[in-house]
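Below: the structure, in structure tokens.
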6 protein chains.
Amino acid sequence: MAMHQLVEYTEASAEVRAVYDDIMATRKTDWINNFWKVLANDPVTLRRTWESIKQIMAPGALDPLIKEMIYIAVSVTNQCPYCVASHTASARNKGMTDAMFHELMAVVGMANETNRLASGYQVEIDEQFKQ
Amino acid sequence: MAMHQLVEYTEASAEVRAVYDDIMATRKTDWINNFWKVLANDPVTLRRTWESIKQIMAPGALDPLIKEMIYIAVSVTNQCPYCVASHTASARNKGMTDAMFHELMAVVGMANETNRLASGYQVEIDEQFKQ
Amino acid sequence: MAMHQLVEYTEASAEVRAVYDDIMATRKTDWINNFWKVLANDPVTLRRTWESIKQIMAPGALDPLIKEMIYIAVSVTNQCPYCVASHTASARNKGMTDAMFHELMAVVGMANETNRLASGYQVEIDEQFKQ
Amino acid sequence: MAMHQLVEYTEASAEVRAVYDDIMATRKTDWINNFWKVLANDPVTLRRTWESIKQIMAPGALDPLIKEMIYIAVSVTNQCPYCVASHTASARNKGMTDAMFHELMAVVGMANETNRLASGYQVEIDEQFKQ
Amino acid sequence: MAMHQLVEYTEASAEVRAVYDDIMATRKTDWINNFWKVLANDPVTLRRTWESIKQIMAPGALDPLIKEMIYIAVSVTNQCPYCVASHTASARNKGMTDAMFHELMAVVGMANETNRLASGYQVEIDEQFKQ
Amino acid sequence: MAMHQLVEYTEASAEVRAVYDDIMATRKTDWINNFWKVLANDPVTLRRTWESIKQIMAPGALDPLIKEMIYIAVSVTNQCPYCVASHTASARNKGMTDAMFHELMAVVGMANETNRLASGYQVEIDEQFKQ
């Protein structure tokens, strides 16, 4: 289990295939990436995670591309190589340009810097921010 | 130094006042929040940090409101209370609605969850993401 | 030093060998993993770290398998690939089933999500939790 | 929105009350803690988060108390004060003794230490852990 | 247990007092800070933690003041308010000047920024760094 | 863009070359590492980041070698493999001995441990640290 099996479509249970089919239909793609193939070892978590992501990443008050960029911001902050690679690819597919990516990285870098300045200087929250 | 002095405008050096003036002019506001007042203990870092933020947060390929929401995403992930409070207030001033904030939080939460599933299941990066 | 030497048993000092012997005896195994071989470059840290881990991971109010799963929870949260791989292997050796691992991952993922919701929504601690 | 309203039961919509009722029934308690009252500003996230937690924290291959301790391990690692306070209280309600808590903290502390030793010494994953 | 008792010297066991005495003698101070008073609820962890810190923070290849500043760098990065406050006070007692603190913060902030640029841009390690 | 181009000197714009030249002159080296070659895809961020690092890492109240070790402490805490490798190499070039590195790692590991003990035990900041 240190290395987890990839559950391929052809060998998947009907329960897993149903999720795979929905992923491909929702994303208008014909392949499943490793994250889902590994998660399929636990069909309950596979389904819950997919249903949650499908609901959260759908168009709403925020555009799906903006949501992908927020996903990248978190993944970069957490130093998750898989997540950075996969969500950068997704964002590119949804229309993220080089210029948008560069600005995204600049903001993420800066936020990580000032987060620590605020912590290190023990800055107290202004009354104006508590209203 | 465990608790750092707030450098108020009236007692600030000309060098610090110049930064304060630029902050207020750029943000179209008449007050300076604690982050800058504390950072003013080190005028070199005050200036460099402000100049960088001013450049990074300006309109570009991404809208300033989107940039504020990315800032929140990072600050929430890092558990920085000051940063969450100040950038949530800034984003609201720039037009973030309740609905936008709720979706932002949903994405940030989900990304933090799947970042760990990817790590815990030791998922390998798909060849398709390496192109 | 960017890449650190692995100190193999046959070339190790008596001081290092004593720790290696204790590791193998305590764990009922006949090999030493890379973590210890690298740490052996600093025999003082090697000994202190091993003595601490030996004391902490021993049976007590919590079962050693539970302790391994807590170790995985931390390692996954911190995105430490080596630690995830090694402690997942250790937990499996101590009896962790697939079902247990899947539930562990589900809890770790969920906790990382709600940690950020609590931070992002700036939730204040209930009086009931302060007693 | 910098500070979020607590949605009390008496003023909650039927949709929110239904979740509150299920939380109290499932947990055999007569009050709702601030996390849920704040999340209730977004009924969609409230429901999805509660349904996920209810499913994940239920008895299974792991005991609910073990799951609460894993939740604490993550929350402590992430430095989330609200989450540490609330899940420590929950774990105590489910039977966590002082001795169990002390051992939990010892493991969490040690794991955070060795995670960094593995990172700093750039330890490579043993072949034995890749099987 | 959500809130942990402070074990005061006058009510402490002989075992705990011995550690307290060693802390005060080593640090040439006449009081014990809350970290140790809370940890004293678990005398085993109290002793192990103190013995480790005493060994690690002693003069060696690095000066004790440098070690305190490294401690601050980690604590700021992890957003640990207690640790930032206590180690900033310790460093000041050991001679950290305002100028040193300001440079420390600048480096910590910058490192947190470039860590994310390296992650976000998926930079591969140069061969020259692997030697 | 999931994988980013390395901008080599011979194919770089005059703007990027000027930064590369300054990096090599400042560091008294004849090559550019991947971090800068990737960042060069965004010349604005390349220049701003380099100018900031050049200013921050210069000799001041803290020695450049101490600053490199602080950089390592942050990078190790954040689990950034590229940053650990590159700054460990830089520190070695500036005179970091094995003994210094070992003590650095011991402090970083310990700080990460006690940061979590402080968080998990919910230790309150002593009045003495607030002055």
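Letters A, B, ... mark the chains of the structure tokens in the order given; residue numbers begin at 1 per chain; ligand numbers begin at 1, in order shown.
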Any idea which chain F residues end up within 6 Å of chain C if we count only C-alpha atoms, as a PyMOL selection string please? chain F and resi 85+88-89
Superposition of chain A onto chain B by least squares over all sequentially paired C-alpha atoms; the transformed chain is requested as a compact mmCIF listing (two decimals) with N, CA and C atoms, in the first residue's frame.
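After the write, superposed36.txt holds the following:
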```txt
# COMPACT_ATOMS: atom_id res chain seq x y z
N MET A 1 10.98 44.55 21.99
CA MET A 1 10.72 44.26 20.58
C MET A 1 9.74 43.10 20.43
N ALA A 2 9.51 42.34 21.53
CA ALA A 2 8.51 41.28 21.43
C ALA A 2 7.20 41.90 20.97
N MET A 3 6.90 43.06 21.48
CA MET A 3 5.76 43.83 20.96
C MET A 3 6.36 45.02 20.24
N HIS A 4 5.93 45.26 19.04
CA HIS A 4 6.56 46.31 18.22
C HIS A 4 5.73 47.57 18.21
N GLN A 5 6.42 48.69 18.30
CA GLN A 5 5.79 50.01 18.26
C GLN A 5 5.02 50.24 16.97
N LEU A 6 3.87 50.91 17.10
CA LEU A 6 3.17 51.38 15.91
C LEU A 6 3.72 52.77 15.60
N VAL A 7 4.24 52.95 14.40
CA VAL A 7 4.76 54.26 14.02
C VAL A 7 3.61 55.09 13.42
N GLU A 8 3.13 56.04 14.21
CA GLU A 8 2.01 56.88 13.75
C GLU A 8 2.51 57.95 12.77
N TYR A 9 1.62 58.41 11.94
CA TYR A 9 1.99 59.38 10.90
C TYR A 9 2.66 60.60 11.49
N THR A 10 2.08 61.11 12.57
CA THR A 10 2.59 62.37 13.13
C THR A 10 4.02 62.26 13.67
N GLU A 11 4.42 61.06 14.02
CA GLU A 11 5.77 60.88 14.57
C GLU A 11 6.72 60.22 13.58
N ALA A 12 6.23 60.01 12.37
CA ALA A 12 7.05 59.28 11.39
C ALA A 12 8.08 60.18 10.73
N SER A 13 9.17 59.59 10.27
CA SER A 13 10.19 60.32 9.51
C SER A 13 9.63 60.68 8.13
N ALA A 14 10.30 61.57 7.47
CA ALA A 14 9.85 61.98 6.13
C ALA A 14 9.83 60.77 5.19
N GLU A 15 10.81 59.90 5.36
CA GLU A 15 10.93 58.70 4.52
C GLU A 15 9.70 57.80 4.69
N VAL A 16 9.30 57.62 5.94
CA VAL A 16 8.13 56.77 6.23
C VAL A 16 6.85 57.45 5.77
N ARG A 17 6.77 58.76 6.03
CA ARG A 17 5.57 59.51 5.62
C ARG A 17 5.35 59.43 4.12
N ALA A 18 6.43 59.43 3.36
CA ALA A 18 6.30 59.36 1.90
C ALA A 18 5.63 58.04 1.49
N VAL A 19 6.00 56.98 2.18
CA VAL A 19 5.37 55.69 1.88
C VAL A 19 3.90 55.72 2.32
N TYR A 20 3.65 56.21 3.52
CA TYR A 20 2.27 56.30 4.02
C TYR A 20 1.40 57.10 3.04
N ASP A 21 1.94 58.23 2.57
CA ASP A 21 1.17 59.07 1.64
C ASP A 21 0.84 58.30 0.37
N ASP A 22 1.82 57.54 -0.10
CA ASP A 22 1.59 56.79 -1.34
C ASP A 22 0.57 55.67 -1.12
N ILE A 23 0.63 55.03 0.03
CA ILE A 23 -0.36 53.98 0.35
C ILE A 23 -1.76 54.58 0.33
N MET A 24 -1.93 55.71 1.04
CA MET A 24 -3.26 56.30 1.13
C MET A 24 -3.75 56.81 -0.23
N ALA A 25 -2.84 57.38 -1.03
CA ALA A 25 -3.24 57.88 -2.34
C ALA A 25 -3.61 56.71 -3.26
N THR A 26 -2.80 55.67 -3.25
CA THR A 26 -3.04 54.53 -4.13
C THR A 26 -4.35 53.84 -3.76
N ARG A 27 -4.60 53.71 -2.47
CA ARG A 27 -5.79 53.00 -2.00
C ARG A 27 -7.00 53.90 -1.80
N LYS A 28 -6.81 55.19 -2.05
CA LYS A 28 -7.90 56.14 -1.89
C LYS A 28 -8.54 55.99 -0.50
N THR A 29 -7.71 56.05 0.52
CA THR A 29 -8.18 55.91 1.89
C THR A 29 -7.45 56.95 2.74
N ASP A 30 -7.92 57.18 3.96
CA ASP A 30 -7.30 58.21 4.80
C ASP A 30 -6.68 57.65 6.08
N TRP A 31 -6.46 56.36 6.10
CA TRP A 31 -5.79 55.78 7.27
C TRP A 31 -4.82 54.68 6.85
N ILE A 32 -3.92 54.39 7.77
CA ILE A 32 -2.88 53.37 7.55
C ILE A 32 -3.14 52.22 8.52
N ASN A 33 -3.15 51.00 8.02
CA ASN A 33 -3.42 49.88 8.96
C ASN A 33 -2.13 49.41 9.65
N ASN A 34 -2.35 48.67 10.73
CA ASN A 34 -1.24 48.32 11.63
C ASN A 34 -0.06 47.63 10.95
N PHE A 35 -0.34 46.84 9.92
CA PHE A 35 0.76 46.14 9.24
C PHE A 35 1.85 47.12 8.82
N TRP A 36 1.45 48.21 8.19
CA TRP A 36 2.44 49.19 7.72
C TRP A 36 3.04 49.97 8.88
N LYS A 37 2.21 50.27 9.89
CA LYS A 37 2.72 51.04 11.04
C LYS A 37 3.80 50.26 11.80
N VAL A 38 3.67 48.95 11.81
CA VAL A 38 4.68 48.13 12.48
C VAL A 38 5.90 47.96 11.59
N LEU A 39 5.65 47.72 10.32
CA LEU A 39 6.76 47.55 9.37
C LEU A 39 7.61 48.82 9.29
N ALA A 40 7.01 49.95 9.62
CA ALA A 40 7.73 51.23 9.54
C ALA A 40 8.90 51.31 10.51
N ASN A 41 8.97 50.39 11.44
CA ASN A 41 10.15 50.32 12.29
C ASN A 41 11.40 50.02 11.46
N ASP A 42 11.20 49.45 10.30
CA ASP A 42 12.31 49.17 9.38
C ASP A 42 11.96 49.81 8.03
N PRO A 43 12.32 51.09 7.86
CA PRO A 43 11.91 51.83 6.65
C PRO A 43 12.34 51.17 5.34
N VAL A 44 13.43 50.44 5.35
CA VAL A 44 13.89 49.79 4.12
C VAL A 44 12.90 48.69 3.72
N THR A 45 12.51 47.87 4.68
CA THR A 45 11.55 46.81 4.38
C THR A 45 10.17 47.40 4.09
N LEU A 46 9.80 48.46 4.79
CA LEU A 46 8.53 49.13 4.53
C LEU A 46 8.46 49.54 3.07
N ARG A 47 9.49 50.22 2.60
CA ARG A 47 9.46 50.71 1.22
C ARG A 47 9.48 49.57 0.21
N ARG A 48 10.37 48.60 0.41
CA ARG A 48 10.48 47.50 -0.56
C ARG A 48 9.16 46.71 -0.63
N THR A 49 8.58 46.45 0.55
CA THR A 49 7.35 45.66 0.58
C THR A 49 6.20 46.42 -0.08
N TRP A 50 6.11 47.71 0.23
CA TRP A 50 5.04 48.49 -0.37
C TRP A 50 5.20 48.59 -1.89
N GLU A 51 6.42 48.87 -2.35
CA GLU A 51 6.65 48.99 -3.79
C GLU A 51 6.30 47.69 -4.50
N SER A 52 6.65 46.56 -3.88
CA SER A 52 6.35 45.26 -4.49
C SER A 52 4.84 45.02 -4.54
N ILE A 53 4.17 45.27 -3.41
CA ILE A 53 2.72 45.04 -3.37
C ILE A 53 2.00 45.96 -4.35
N LYS A 54 2.44 47.21 -4.39
CA LYS A 54 1.80 48.17 -5.30
C LYS A 54 1.89 47.68 -6.75
N GLN A 55 3.07 47.18 -7.11
CA GLN A 55 3.29 46.69 -8.47
C GLN A 55 2.45 45.43 -8.74
N ILE A 56 2.46 44.50 -7.77
CA ILE A 56 1.82 43.19 -7.96
C ILE A 56 0.30 43.27 -7.95
N MET A 57 -0.24 44.14 -7.10
CA MET A 57 -1.69 44.17 -6.93
C MET A 57 -2.39 45.13 -7.91
N ALA A 58 -1.63 45.79 -8.73
CA ALA A 58 -2.22 46.71 -9.71
C ALA A 58 -3.00 45.93 -10.77
N PRO A 59 -3.94 46.59 -11.45
CA PRO A 59 -4.67 45.90 -12.52
C PRO A 59 -3.69 45.40 -13.58
N GLY A 60 -4.00 44.23 -14.14
CA GLY A 60 -3.14 43.66 -15.17
C GLY A 60 -3.93 42.59 -15.89
N ALA A 61 -3.32 41.43 -16.09
CA ALA A 61 -4.05 40.34 -16.72
C ALA A 61 -5.14 39.82 -15.78
N LEU A 62 -4.94 40.06 -14.48
CA LEU A 62 -5.96 39.69 -13.48
C LEU A 62 -6.51 40.95 -12.84
N ASP A 63 -7.78 40.91 -12.53
CA ASP A 63 -8.48 42.01 -11.89
C ASP A 63 -8.02 42.16 -10.43
N PRO A 64 -7.92 43.39 -9.91
CA PRO A 64 -7.50 43.57 -8.52
C PRO A 64 -8.35 42.79 -7.51
N LEU A 65 -9.65 42.64 -7.76
CA LEU A 65 -10.47 41.87 -6.83
C LEU A 65 -10.07 40.40 -6.85
N ILE A 66 -9.79 39.87 -8.04
CA ILE A 66 -9.33 38.47 -8.12
C ILE A 66 -8.03 38.32 -7.33
N LYS A 67 -7.16 39.30 -7.47
CA LYS A 67 -5.88 39.24 -6.75
C LYS A 67 -6.10 39.25 -5.24
N GLU A 68 -7.06 40.05 -4.77
CA GLU A 68 -7.34 40.06 -3.33
C GLU A 68 -7.85 38.70 -2.88
N MET A 69 -8.66 38.06 -3.71
CA MET A 69 -9.19 36.75 -3.32
C MET A 69 -8.09 35.69 -3.31
N ILE A 70 -7.14 35.81 -4.22
CA ILE A 70 -5.99 34.89 -4.20
C ILE A 70 -5.18 35.12 -2.92
N TYR A 71 -5.05 36.40 -2.55
CA TYR A 71 -4.35 36.74 -1.30
C TYR A 71 -5.04 36.09 -0.10
N ILE A 72 -6.36 36.13 -0.10
CA ILE A 72 -7.12 35.49 0.99
C ILE A 72 -6.88 33.98 0.98
N ALA A 73 -6.89 33.37 -0.20
CA ALA A 73 -6.69 31.92 -0.31
C ALA A 73 -5.37 31.49 0.34
N VAL A 74 -4.32 32.25 0.08
CA VAL A 74 -3.01 31.95 0.66
C VAL A 74 -3.04 32.17 2.17
N SER A 75 -3.61 33.29 2.59
CA SER A 75 -3.61 33.65 4.02
C SER A 75 -4.41 32.65 4.85
N VAL A 76 -5.51 32.18 4.29
CA VAL A 76 -6.32 31.17 4.98
C VAL A 76 -5.55 29.86 5.07
N THR A 77 -4.89 29.49 3.99
CA THR A 77 -4.12 28.24 3.99
C THR A 77 -3.00 28.29 5.02
N ASN A 78 -2.38 29.45 5.16
CA ASN A 78 -1.30 29.63 6.12
C ASN A 78 -1.77 29.92 7.54
N GLN A 79 -3.07 30.03 7.75
CA GLN A 79 -3.60 30.32 9.08
C GLN A 79 -3.02 31.60 9.65
N CYS A 80 -3.07 32.69 8.86
CA CYS A 80 -2.58 33.99 9.34
C CYS A 80 -3.77 34.89 9.66
N PRO A 81 -4.15 35.01 10.95
CA PRO A 81 -5.35 35.76 11.31
C PRO A 81 -5.33 37.22 10.84
N TYR A 82 -4.21 37.89 10.99
CA TYR A 82 -4.16 39.28 10.57
C TYR A 82 -4.43 39.41 9.08
N CYS A 83 -3.78 38.55 8.32
CA CYS A 83 -3.87 38.63 6.85
C CYS A 83 -5.27 38.28 6.38
N VAL A 84 -5.91 37.31 7.01
CA VAL A 84 -7.28 36.96 6.64
C VAL A 84 -8.19 38.16 6.89
N ALA A 85 -8.05 38.76 8.06
CA ALA A 85 -8.91 39.89 8.42
C ALA A 85 -8.70 41.07 7.48
N SER A 86 -7.44 41.41 7.23
CA SER A 86 -7.18 42.62 6.43
C SER A 86 -7.53 42.42 4.95
N HIS A 87 -7.19 41.27 4.39
CA HIS A 87 -7.48 41.08 2.96
C HIS A 87 -8.95 40.77 2.71
N THR A 88 -9.65 40.22 3.69
CA THR A 88 -11.10 40.05 3.52
C THR A 88 -11.75 41.43 3.49
N ALA A 89 -11.31 42.33 4.36
CA ALA A 89 -11.84 43.70 4.34
C ALA A 89 -11.52 44.39 3.01
N SER A 90 -10.29 44.21 2.52
CA SER A 90 -9.91 44.83 1.24
C SER A 90 -10.75 44.29 0.09
N ALA A 91 -10.93 42.98 0.08
CA ALA A 91 -11.70 42.38 -1.01
C ALA A 91 -13.15 42.87 -0.98
N ARG A 92 -13.68 43.00 0.24
CA ARG A 92 -15.05 43.50 0.36
C ARG A 92 -15.13 44.93 -0.19
N ASN A 93 -14.13 45.73 0.12
CA ASN A 93 -14.11 47.09 -0.40
C ASN A 93 -14.04 47.13 -1.93
N LYS A 94 -13.42 46.11 -2.50
CA LYS A 94 -13.30 46.06 -3.97
C LYS A 94 -14.48 45.37 -4.62
N GLY A 95 -15.48 44.99 -3.85
CA GLY A 95 -16.69 44.46 -4.45
C GLY A 95 -16.98 42.98 -4.25
N MET A 96 -16.19 42.31 -3.39
CA MET A 96 -16.47 40.89 -3.15
C MET A 96 -17.83 40.76 -2.46
N THR A 97 -18.74 39.99 -3.06
CA THR A 97 -20.05 39.75 -2.45
C THR A 97 -19.97 38.55 -1.50
N ASP A 98 -21.02 38.36 -0.70
CA ASP A 98 -21.10 37.18 0.16
C ASP A 98 -20.97 35.90 -0.66
N ALA A 99 -21.68 35.87 -1.78
CA ALA A 99 -21.66 34.65 -2.61
C ALA A 99 -20.25 34.35 -3.11
N MET A 100 -19.52 35.39 -3.49
CA MET A 100 -18.15 35.18 -3.96
C MET A 100 -17.26 34.67 -2.83
N PHE A 101 -17.43 35.26 -1.65
CA PHE A 101 -16.63 34.82 -0.50
C PHE A 101 -16.92 33.36 -0.16
N HIS A 102 -18.19 32.99 -0.19
CA HIS A 102 -18.55 31.61 0.14
C HIS A 102 -17.94 30.62 -0.84
N GLU A 103 -17.96 30.97 -2.11
CA GLU A 103 -17.36 30.06 -3.10
C GLU A 103 -15.84 30.01 -2.96
N LEU A 104 -15.26 31.17 -2.65
CA LEU A 104 -13.81 31.20 -2.42
C LEU A 104 -13.44 30.25 -1.28
N MET A 105 -14.17 30.32 -0.18
CA MET A 105 -13.87 29.45 0.96
C MET A 105 -14.05 27.98 0.59
N ALA A 106 -15.09 27.68 -0.18
CA ALA A 106 -15.34 26.29 -0.57
C ALA A 106 -14.17 25.73 -1.39
N VAL A 107 -13.65 26.56 -2.31
CA VAL A 107 -12.53 26.11 -3.12
C VAL A 107 -11.27 25.94 -2.27
N VAL A 108 -11.01 26.91 -1.40
CA VAL A 108 -9.82 26.85 -0.55
C VAL A 108 -9.88 25.62 0.36
N GLY A 109 -11.03 25.36 0.93
CA GLY A 109 -11.18 24.17 1.78
C GLY A 109 -10.94 22.90 1.01
N MET A 110 -11.56 22.80 -0.15
CA MET A 110 -11.45 21.59 -0.97
C MET A 110 -10.01 21.37 -1.44
N ALA A 111 -9.35 22.45 -1.83
CA ALA A 111 -7.97 22.32 -2.31
C ALA A 111 -7.06 21.82 -1.19
N ASN A 112 -7.29 22.32 0.01
CA ASN A 112 -6.49 21.84 1.13
C ASN A 112 -6.76 20.36 1.41
N GLU A 113 -7.99 19.91 1.15
CA GLU A 113 -8.29 18.50 1.35
C GLU A 113 -7.61 17.63 0.29
N THR A 114 -7.81 17.97 -0.98
CA THR A 114 -7.27 17.10 -2.03
C THR A 114 -5.74 17.18 -2.11
N ASN A 115 -5.16 18.30 -1.70
CA ASN A 115 -3.70 18.36 -1.60
C ASN A 115 -3.19 17.22 -0.72
N ARG A 116 -3.91 16.95 0.36
CA ARG A 116 -3.44 15.89 1.27
C ARG A 116 -3.77 14.50 0.75
N LEU A 117 -4.88 14.36 0.05
CA LEU A 117 -5.17 13.05 -0.54
C LEU A 117 -4.09 12.71 -1.57
N ALA A 118 -3.68 13.69 -2.35
CA ALA A 118 -2.63 13.45 -3.36
C ALA A 118 -1.32 13.07 -2.67
N SER A 119 -1.03 13.73 -1.57
CA SER A 119 0.20 13.45 -0.83
C SER A 119 0.12 12.08 -0.13
N GLY A 120 -0.97 11.83 0.53
CA GLY A 120 -1.11 10.60 1.31
C GLY A 120 -1.16 9.36 0.45
N TYR A 121 -1.78 9.47 -0.72
CA TYR A 121 -1.86 8.33 -1.64
C TYR A 121 -0.65 8.27 -2.57
N GLN A 122 0.29 9.20 -2.38
CA GLN A 122 1.53 9.20 -3.14
C GLN A 122 1.27 9.12 -4.66
N VAL A 123 0.37 9.97 -5.11
CA VAL A 123 -0.01 9.95 -6.52
C VAL A 123 1.12 10.48 -7.41
N GLU A 124 1.43 9.75 -8.47
CA GLU A 124 2.49 10.20 -9.38
C GLU A 124 1.90 11.09 -10.48
N ILE A 125 2.70 12.07 -10.90
CA ILE A 125 2.24 13.03 -11.90
C ILE A 125 2.04 12.34 -13.25
N ASP A 126 0.87 12.54 -13.85
CA ASP A 126 0.56 11.97 -15.16
C ASP A 126 1.49 12.55 -16.24
N GLU A 127 1.84 11.71 -17.21
CA GLU A 127 2.67 12.20 -18.31
C GLU A 127 2.01 13.40 -19.01
N GLN A 128 0.67 13.34 -19.10
CA GLN A 128 -0.05 14.42 -19.79
C GLN A 128 0.17 15.79 -19.13
N PHE A 129 0.50 15.80 -17.85
CA PHE A 129 0.68 17.07 -17.15
C PHE A 129 2.11 17.59 -17.28
N LYS A 130 2.98 16.78 -17.90
CA LYS A 130 4.39 17.18 -17.99
C LYS A 130 4.73 17.86 -19.31
N GLN A 131 3.74 17.93 -20.19
CA GLN A 131 4.04 18.50 -21.51
C GLN A 131 4.13 20.02 -21.45
```
Quick one: pick out all alpha helix (DSSP H) residues within region 42-99 of chain C from a backbone DSSP run and write them as a ChimeraX atom specification. /C:43-57,64-77,81-93,98-99
